[in-house]
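**Q** Quick one: the structure is below, and I'll ask about it shortly.
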Amino acid sequence: MGCDAFKRVKLIYLAILLLFGMGSVLYYSYKGASDFPEPEGHHDERKRDHDEPVEYHDDSGVFNEQNIPNHASRNTQCSCLKTSKSYNLEDFVNAAELSEVRRRREVEHQKHLIREQSPLQQLLVARPNSPLMYPIQGVRAAPLQETLIPGLSVHAHNREHYQVTLSVTNGVLAIKNSDSDGKVEGQKEKVLSLSASRLDTLNGLLKSLTYTSSLYRIKGGDLVHVTFERYSATFPIVIQQTPIPNLSDPGQDINSQVTITTKTFLRYAQLNRLIESIRAFYKDIKIIVADDSFKPQPIKGSNIEQYIMPPAKGWFAGRNLVVSQVSTKYLLWVDDDFLFTESTKIEKLVEVMEAMPELDVVGGSVAGNFFNFKLVYEEGEDGGCLSRRMGNYQSIPGFPDCHLTGGVVNFFLARTDSVRRVGFDPRLQRVAHTEFFVDGLGKLLVASCSIISVGHQPKGQATGEEKKVLDQYWTFRIEKQEEVKMKMALYYFKNRLKCFSP
């Protein structure tokens with residue numbers, strides 16, 4: 001293809017990208033949603049009869065605050081604000097404080113970028129018909145340690161003189177064995193020049209080329225720029241402190257692989273029924289309970305750990321507590337009003353996780369009902385747009401009833417260390433579930449298996465003292481508007497979102 005034709009194709013391609021980029025719309029209208037998002041991951045017990053199914057619905061890395069602009073005007077639109085059920089999250093921030101909150105958010109965002117961004121994210125395009133041979137990927141260097149760069153050479157004959165210039169940004173270059181007839185300039189500096197009258201001499205120097213990073217960082221990268229005559233190339237070096245493995249011994253059976261975890265508040269009758277159903281199928285497995293009831297009652301039974309919290313401390317704080325006490329490879333999360341049945345096969349969930357080590361979370365169904373959803377995130381200059389869409393991505397090879405997704409119901413098996421890395425925001429006290437998967441987007445690989453199910457305790461049958469307890473429970477369980485506003489403000493600041501479509 002000639003140069004003119006290539007340019008025309010390139011221009012057409014860029015125009016197509018621009019057209020589709022501007023026209024993309026991210027939205028999802030949540031069925032039955034009210035003015036605020038419905039409570040997620042659980043269910044409103046008061047609205048359903050007990051016979052009805054339960055529906056789940058810089059180079060140095062130094063930060064400079066002076067670089068952060070102070071935006072003066074409120075942006076009222078973003079690309080996911082295309083349906084009546086999309087929320088502009090700035091509307092949930094006090095208008096008088098918005099400018100200062102926005103400034104603080106951008107300060108924190110720039111610090112986040114310093115932690116997350118790397119030269120390795122830069123797009124590199126290889127030029128055609130180059131005499132330079134160089135490593136495309138796989139060059140790794142421990143911080144501050146001299147590392148040999150393999151695979152670099154020049155393939156160009158019949159020259160009277162050969163010269164190669166190399167440069168880096170976050171380290172220095174050197175020739176380890178410089179006793180040959182070639183000339184080396186810039187030893188242990190950012191720019192290194194090599195010259196020789198013979199090609200084999202030049203390539204001999206390149207074989208002993210080393211890189212040493214200048215700053216101690218546990219993860220990062222650098223780009224090596226190579227120039228020979230009119231040809232140039234760039235390749236990455238991964239700078240990383242090799243982490244020490246943290247392995248969990250799975251032992252010999254399900255009891256040494258999994259710990260069952262739950263959180264309770266006031267509902268001891270439901271909790272005891274849950275434990276009784278667990279023991280019918282798993283008589284020895286460990287159960288850990290976080291309890292923030294006003295008057296804690298001892299939970300009877302073997303291999304049960306009950307951790308007392310400050311009264312009404314909250315839902316996600318309780319999750320953090322129980323997860324902190326798990327010592328097995330996996331944890332199984334259940335609500336305190338679930339019931340184990342013949343279909344509650346923890347072993348099947350473990351089988352899926354063991355077959356696909358990349359997985360972090362595998363959910364099931366609750367009384368045959370699912371709450372599987374995909375999280376679609378679009379970055380923006382002044383904040384991102386997040387849409388929650390019901391459904392899955394693709395099936396897992398060998399497990400046709402299991403599919404990759406973005407979030408699952410409150411019945412799931414998870415790798416303990418993966419959950420700890422993401423954690424649960426303790427500010428979310430009453431209703432929270434999707435927020436865990438939002439925080440874990442890009443960090444957790446999630447799946448759902450439809451054939452693995454847990455039961456749900458019947459509703460509407462409580463009488464006497466148990467009914468009084470449940471009535472009290474619901475005065476705390478129902479999310480108030482000010483708490484919804486706080487949650488949306490968290491999305492705005494913590495997750496740097498400007499709109500959310502549930």
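FYI, nothing fancy with the structure tokens labels: chains A, B, ... in order, residues from 1 per chain, ligands from 1 as they appear.
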With DSSP run on the backbone, what are the strand (DSSP E or B) residues within region 211-361 of chain A? I'd like them as a VMD selection string.
**A** chain A and resid 211 to 213 219 to 228 231 to 240 258 to 264 287 to 291 304 to 308 330 to 333 338 to 339 361
**Q** Could you list, as a list in words, every residue within 10 Å of His161 (chain A), counting only C-alpha atoms and ignoring same-chain residues fewer than 6 positions away?
**A**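 Surrounding residues, per the criterion: Ser195, Ala196, Ser197, Arg198, Leu199 and Leu202 of chain A.
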**Q** Create the file for the chosen residues now, containing all heavy atoms and written as a PDB file, in the first residue's frame.
**A**
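This is the output file result_6.pdb:
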```
ATOM      1  N   SER A 195      29.487   3.038  19.752  1.00  0.00           N
ATOM      2  CA  SER A 195      29.943   3.122  18.363  1.00  0.00           C
ATOM      3  C   SER A 195      31.063   2.124  18.131  1.00  0.00           C
ATOM      4  O   SER A 195      31.814   1.768  19.041  1.00  0.00           O
ATOM      5  CB  SER A 195      30.406   4.544  18.031  1.00  0.00           C
ATOM      6  OG  SER A 195      31.449   4.955  18.892  1.00  0.00           O
ATOM      7  N   ALA A 196      31.166   1.670  16.878  1.00  0.00           N
ATOM      8  CA  ALA A 196      32.180   0.688  16.493  1.00  0.00           C
ATOM      9  C   ALA A 196      32.320   0.678  14.980  1.00  0.00           C
ATOM     10  O   ALA A 196      31.410   1.102  14.244  1.00  0.00           O
ATOM     11  CB  ALA A 196      31.807  -0.704  16.999  1.00  0.00           C
ATOM     12  N   SER A 197      33.462   0.199  14.514  1.00  0.00           N
ATOM     13  CA  SER A 197      33.691   0.086  13.072  1.00  0.00           C
ATOM     14  C   SER A 197      33.206  -1.256  12.535  1.00  0.00           C
ATOM     15  O   SER A 197      33.094  -1.439  11.319  1.00  0.00           O
ATOM     16  CB  SER A 197      35.180   0.274  12.762  1.00  0.00           C
ATOM     17  OG  SER A 197      35.959  -0.704  13.459  1.00  0.00           O
ATOM     18  N   ARG A 198      32.936  -2.191  13.423  1.00  0.00           N
ATOM     19  CA  ARG A 198      32.468  -3.518  13.005  1.00  0.00           C
ATOM     20  C   ARG A 198      31.109  -3.811  13.649  1.00  0.00           C
ATOM     21  O   ARG A 198      30.857  -3.461  14.797  1.00  0.00           O
ATOM     22  CB  ARG A 198      33.478  -4.594  13.423  1.00  0.00           C
ATOM     23  CG  ARG A 198      34.819  -4.518  12.706  1.00  0.00           C
ATOM     24  CD  ARG A 198      35.825  -5.446  13.382  1.00  0.00           C
ATOM     25  NE  ARG A 198      35.298  -6.787  13.532  1.00  0.00           N
ATOM     26  CZ  ARG A 198      35.433  -7.763  12.594  1.00  0.00           C
ATOM     27  NH1 ARG A 198      36.078  -7.498  11.464  1.00  0.00           N
ATOM     28  NH2 ARG A 198      34.936  -8.975  12.810  1.00  0.00           N
ATOM     29  N   LEU A 199      30.236  -4.486  12.876  1.00  0.00           N
ATOM     30  CA  LEU A 199      28.912  -4.817  13.381  1.00  0.00           C
ATOM     31  C   LEU A 199      28.978  -5.796  14.542  1.00  0.00           C
ATOM     32  O   LEU A 199      28.242  -5.650  15.529  1.00  0.00           O
ATOM     33  CB  LEU A 199      28.057  -5.399  12.251  1.00  0.00           C
ATOM     34  CG  LEU A 199      26.616  -5.764  12.612  1.00  0.00           C
ATOM     35  CD1 LEU A 199      25.842  -4.542  13.110  1.00  0.00           C
ATOM     36  CD2 LEU A 199      25.894  -6.385  11.409  1.00  0.00           C
ATOM     37  N   LEU A 202      29.775  -3.977  17.733  1.00  0.00           N
ATOM     38  CA  LEU A 202      28.629  -3.247  18.265  1.00  0.00           C
ATOM     39  C   LEU A 202      27.649  -4.189  18.954  1.00  0.00           C
ATOM     40  O   LEU A 202      27.192  -3.925  20.080  1.00  0.00           O
ATOM     41  CB  LEU A 202      27.924  -2.491  17.141  1.00  0.00           C
ATOM     42  CG  LEU A 202      26.676  -1.708  17.562  1.00  0.00           C
ATOM     43  CD1 LEU A 202      27.068  -0.504  18.410  1.00  0.00           C
ATOM     44  CD2 LEU A 202      25.872  -1.268  16.345  1.00  0.00           C
TER      45      LEU A 202
END
```
**Q** Looking at A:Val101, A:Leu497, A:Val361, A:Val172, which one is nearest to Glu378 (chain A), with distances taken over only C-alpha atoms?
**A** A:Leu497
**Q** Given only C-alpha atoms as the basis, pick out the residue of A:Lys219, A:Val226, A:Gly460, A:Glu160 nearest to Gln117 (chain A).
**A**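 Looking at the shortest contact to Gln117 (chain A), the residue is A:Lys219.
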**Q** Using only C-alpha atoms, pick whichever of A:Val154, A:Arg104, A:Lys111, A:Ser327 has the shortest atom-to-atom distance to Gln257 (chain A).
**A**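 Closest residue, counting only C-alpha atoms: A:Ser327.
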**Q** Return the single residue from A:Asn320, A:Gln325, A:Asn369, A:Ser448 that is closest to Gly423 (chain A), with distances computed using only C-alpha atoms.
**A**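 Distance minimum relative to Gly423 (chain A) lands on A:Asn320.
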**Q** List the neighbours of Tyr268 (chain A) out to 12 Å using only C-alpha atoms; skip same-chain residues closer than 5 positions along the sequence, and give me the result as a list of chain:residue names.
**A**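 Close residues of Tyr268 (chain A): A:Lys263, A:Arg273, A:Leu274, A:Ile275, A:Val289, A:Asp291, A:Asp292, A:Ser293, A:Phe294, A:Lys295, A:Pro296, A:Gln297, A:Pro298, A:Ile299, A:Lys300, A:Asp336, A:Asp337, A:Glu465, A:Glu466, A:Lys467, A:Val469, A:Leu470, A:Tyr473.
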**Q** Give the helix (DSSP H, G or I) residues of region 177-337 of chain A, as DSSP finds them on the backbone, and put them as a count of residues only.
**A** 37
**Q** Could you name the residues that touch Ile285 (chain A) at 8 Å or less, counting only C-alpha atoms, but leaving out those on the same chain fewer than 6 positions away, as JSON, numbers by chain?
**A** {"A": [254, 255, 256, 258, 259, 260, 303]}
**Q** I'd like the contact shell of Phe92 (chain A) - 8 Å cut-off, only C-alpha atoms, skipping same-chain residues fewer than 6 positions apart - returned as a PDB file with N, CA, C and O atoms, in the first residue's frame.
**A**
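Dumped everything to result.pdb:
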```pdb
ATOM      1  N   LYS A 485     -28.237   9.665  50.189  1.00  0.00           N
ATOM      2  CA  LYS A 485     -27.457  10.824  49.752  1.00  0.00           C
ATOM      3  C   LYS A 485     -25.986  10.639  50.091  1.00  0.00           C
ATOM      4  O   LYS A 485     -25.099  10.951  49.286  1.00  0.00           O
ATOM      5  N   MET A 486     -25.702  10.127  51.274  1.00  0.00           N
ATOM      6  CA  MET A 486     -24.318   9.880  51.668  1.00  0.00           C
ATOM      7  C   MET A 486     -23.664   8.847  50.746  1.00  0.00           C
ATOM      8  O   MET A 486     -22.505   8.999  50.337  1.00  0.00           O
ATOM      9  N   MET A 488     -24.442   8.149  47.599  1.00  0.00           N
ATOM     10  CA  MET A 488     -24.197   8.759  46.298  1.00  0.00           C
ATOM     11  C   MET A 488     -23.001   9.717  46.359  1.00  0.00           C
ATOM     12  O   MET A 488     -22.203   9.800  45.417  1.00  0.00           O
ATOM     13  N   ALA A 489     -22.862  10.436  47.474  1.00  0.00           N
ATOM     14  CA  ALA A 489     -21.712  11.324  47.640  1.00  0.00           C
ATOM     15  C   ALA A 489     -20.414  10.521  47.712  1.00  0.00           C
ATOM     16  O   ALA A 489     -19.363  10.981  47.245  1.00  0.00           O
TER      17      ALA A 489
END
```
**Q** Compile the contact shell of Ala156 (chain A) as a list in words: residues with an atom at most 12 Å away, counting only C-alpha atoms, same-chain residues fewer than 4 positions apart removed.
**A**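 Near Ala156 (chain A), the qualifying residues are Asn129, Ser130, Pro131, Leu132, Met133, Glu160, His161, Tyr162, Gln163, Val164, Arg198, Leu199, Asp200, Leu202, Asn203, Phe228, Glu229 and Tyr231 of chain A.
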